[in-house]
Structure formats: C-alpha cells, structure tokens
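*Asks:* Structure provided below as structure tokens; questions to follow.
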Amino acid sequence: MKPAADAKNDTSKRILDIAEQLLLTRGFNAFSYQHISSELGVRNAAIHYHYPKKTDLGVALIQRYRRRFQRFVDAQHTLAPQQQLERYFTLTDAYFEHDQQICPSGILTTEYQTLPPEMQAEANAFVDEMRDWAVRIAEAGRADGSMHYGGTPQAMGLLMLAALQGGLQLARTDQTVLPALKIQIRALLGLATPLP
C-alpha cells in the first residue's frame, strides 16, 4: 500500500500529465478542470485540492517544463556545437511526431496576452531559457570555428527558436516544413550536413 504522500504526489503528477496533453492539443484557455476530472474519473474538487486555481496548475505545468528542459540542456553540455544543434532540433521533432503538437513555448506565447501574470512570468522565463540555449549553441559554434554566419549569436539564436516554433505550426498543414527549416538553419550556420 502506498503512503498518503506518495498517493498525493501520484495524483498531482497525473493531473499535470493530463493538463500537459490538453495544453499541447487545445491550449490553456480551451480546457477546464472538468476535462481533467473526467479523464481521471474524479470530481473537480479533487483537482482543486491539488491546484486551488487554474493559474496554480498553469504555473506548476510551466515550472515542470522548465525543469525538464534544463535537464535536457545539461545532458548536452559536453557535445560539440553542431551536435547540440541537432539535439535542439530533436525537441521540435518530438512534439511534431507526437500527434503534431505545438511545443509548450509556442502555445504559451500564442496565448500570452490572456494568461494570468504569474503564468506570463513563467512563460517568459521558459522562452528565455530556450532562446539562451540556441544563442549558446551559435556562440560556441562561432568560437570553435564550426559555424560561420553573419550577424550576432543572439540574433541567430532568436532566428533558430522562432523558425522552429513557427515551423511546428506550419508543419500541421505541410510536413515538409520542418525538414526544410533544419536544412536552411544548417546552411545559415555554414554547416553542410547533420551530425549523428
């Protein structure tokens, strides 16, 4: 038998898992606690017990994304810049290959104006972290001579993030978009072919 604390954490995790699926397929504003409670087979009060307000749920969800992303980035830090770029691409691929989802930062920035201030602050931090990793990849590639491009690493990192986020949306109607964008980003960075 599980201790009460484990059961509480398990329920909280299941709520976040369902909320994540709903966020990535519908958007934050298009789901309610009723959607989650129906999926879990519980009353809305059970959801409110863990997350009193939907804002609390949204903040917890973004914080979880941020922790996941940081672990992913940390796991890549010893790789060469071109290998890190390919791993950056895998994030986009993973969302698209899972029911043609849009990445969390894409959803959050699309709905940004309607999100509560607490969620906006977390969304800003999350997008900054994603952009900062792209910038660090571009900086490291320029520094080690493996990447050659005009402009600044900051602008190149922003271009990479924006192209891939927009690409996820366009790929829903044209599946050739993401591969074409990755080829073009490599070309802009002076890279001929992807590394394994």
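Note on naming: chains are A, B, ... as they come in the structure tokens, residues start from 1 per chain, ligands start from 1 in the order shown.
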Using only C-alpha atoms, I'd like a table of the residues in segment 30-104 of chain A that come within 12 Å of segment 128-142 of chain A; for each, show the closest atom pair and its distance in Å rounded to one decimal, ordered by chain and ascending number, as CSV.

*Replies:*
```
residue,atom,partner,partner_atom,distance
A:Gln63,CA,A:Glu129,CA,11.9
A:Tyr65,CA,A:Glu129,CA,10.9
A:Arg66,CA,A:Glu129,CA,8.0
A:Arg67,CA,A:Glu129,CA,10.6
A:Arg68,CA,A:Glu129,CA,11.6
A:Phe69,CA,A:Met130,CA,8.0
A:Gln70,CA,A:Glu129,CA,8.2
A:Arg71,CA,A:Glu129,CA,11.9
A:Phe72,CA,A:Trp133,CA,10.7
A:Val73,CA,A:Trp133,CA,7.5
A:Asp74,CA,A:Trp133,CA,10.2
A:Gln76,CA,A:Trp133,CA,10.4
A:His77,CA,A:Ile137,CA,9.7
A:Thr78,CA,A:Ala140,CA,11.5
A:Leu79,CA,A:Ile137,CA,10.1
A:Ala80,CA,A:Gly141,CA,8.0
A:Pro81,CA,A:Gly141,CA,5.2
A:Gln82,CA,A:Gly141,CA,7.0
A:Gln83,CA,A:Ile137,CA,9.3
A:Gln84,CA,A:Ile137,CA,6.7
A:Leu85,CA,A:Ile137,CA,6.6
A:Glu86,CA,A:Ile137,CA,10.3
A:Arg87,CA,A:Ile137,CA,10.6
A:Tyr88,CA,A:Ala134,CA,7.7
A:Phe89,CA,A:Ala134,CA,10.3
A:Leu91,CA,A:Met130,CA,10.5
A:Thr92,CA,A:Met130,CA,11.7
A:Cys103,CA,A:Met130,CA,11.2
A:Pro104,CA,A:Met130,CA,11.0
```

*Asks:* Fewer than 2 positions away in the same chain doesn't count, so skip those; otherwise give me all residues within 6 Å of segment 186-190 of chain A, counting only C-alpha atoms, as a short mmCIF file (atom, residue, chain, number, x, y, z; two decimals) with all heavy atoms, in the first residue's frame.

*Replies:*
```cif
data_model
loop_
_atom_site.label_atom_id
_atom_site.label_comp_id
_atom_site.auth_asym_id
_atom_site.auth_seq_id
_atom_site.Cartn_x
_atom_site.Cartn_y
_atom_site.Cartn_z
N MET A 147 30.92 26.95 -37.03
CA MET A 147 29.77 27.67 -37.60
C MET A 147 30.22 29.03 -38.08
O MET A 147 30.95 29.74 -37.38
CB MET A 147 28.66 27.81 -36.55
CG MET A 147 28.07 26.50 -36.09
SD MET A 147 26.77 26.74 -34.83
CE MET A 147 26.39 25.04 -34.44
N HIS A 148 29.75 29.38 -39.28
CA HIS A 148 30.11 30.67 -39.90
C HIS A 148 28.81 31.32 -40.37
O HIS A 148 28.11 30.76 -41.21
CB HIS A 148 31.05 30.44 -41.08
CG HIS A 148 32.24 29.60 -40.72
ND1 HIS A 148 33.34 30.11 -40.09
CD2 HIS A 148 32.46 28.26 -40.86
CE1 HIS A 148 34.21 29.14 -39.87
NE2 HIS A 148 33.70 28.00 -40.33
N TYR A 149 28.52 32.48 -39.83
CA TYR A 149 27.27 33.15 -40.17
C TYR A 149 27.43 34.65 -39.96
O TYR A 149 28.28 35.10 -39.19
CB TYR A 149 26.11 32.61 -39.33
CG TYR A 149 26.37 32.66 -37.83
CD1 TYR A 149 26.04 33.78 -37.07
CD2 TYR A 149 26.95 31.58 -37.18
CE1 TYR A 149 26.29 33.82 -35.71
CE2 TYR A 149 27.21 31.62 -35.82
CZ TYR A 149 26.87 32.75 -35.09
OH TYR A 149 27.14 32.78 -33.74
N ILE A 183 17.36 22.19 -42.70
CA ILE A 183 18.37 22.32 -43.75
C ILE A 183 18.80 23.78 -43.88
O ILE A 183 19.98 24.09 -43.97
CB ILE A 183 17.84 21.78 -45.10
CG1 ILE A 183 17.73 20.25 -45.03
CG2 ILE A 183 18.71 22.21 -46.27
CD1 ILE A 183 16.93 19.64 -46.18
N GLN A 184 17.82 24.69 -43.86
CA GLN A 184 18.14 26.12 -44.03
C GLN A 184 18.90 26.67 -42.83
O GLN A 184 19.83 27.46 -42.99
CB GLN A 184 16.86 26.93 -44.26
CG GLN A 184 17.12 28.38 -44.59
CD GLN A 184 17.96 28.55 -45.85
OE1 GLN A 184 17.80 27.83 -46.83
NE2 GLN A 184 18.90 29.49 -45.81
#
```

*Asks:* Give me the residues within 7 Å of segment 43-56 of chain A as a PyMOL selection string, counting only C-alpha atoms and dropping any in the same chain fewer than 4 places off.

*Replies:* chain A and resi 12+33-34+37+60+116+119

*Asks:* Suppose you want the space between atom CA of Arg172 of chain A and atom CA of Phe31 of chain A; what is it in Å?

*Replies:* 20.9 Å
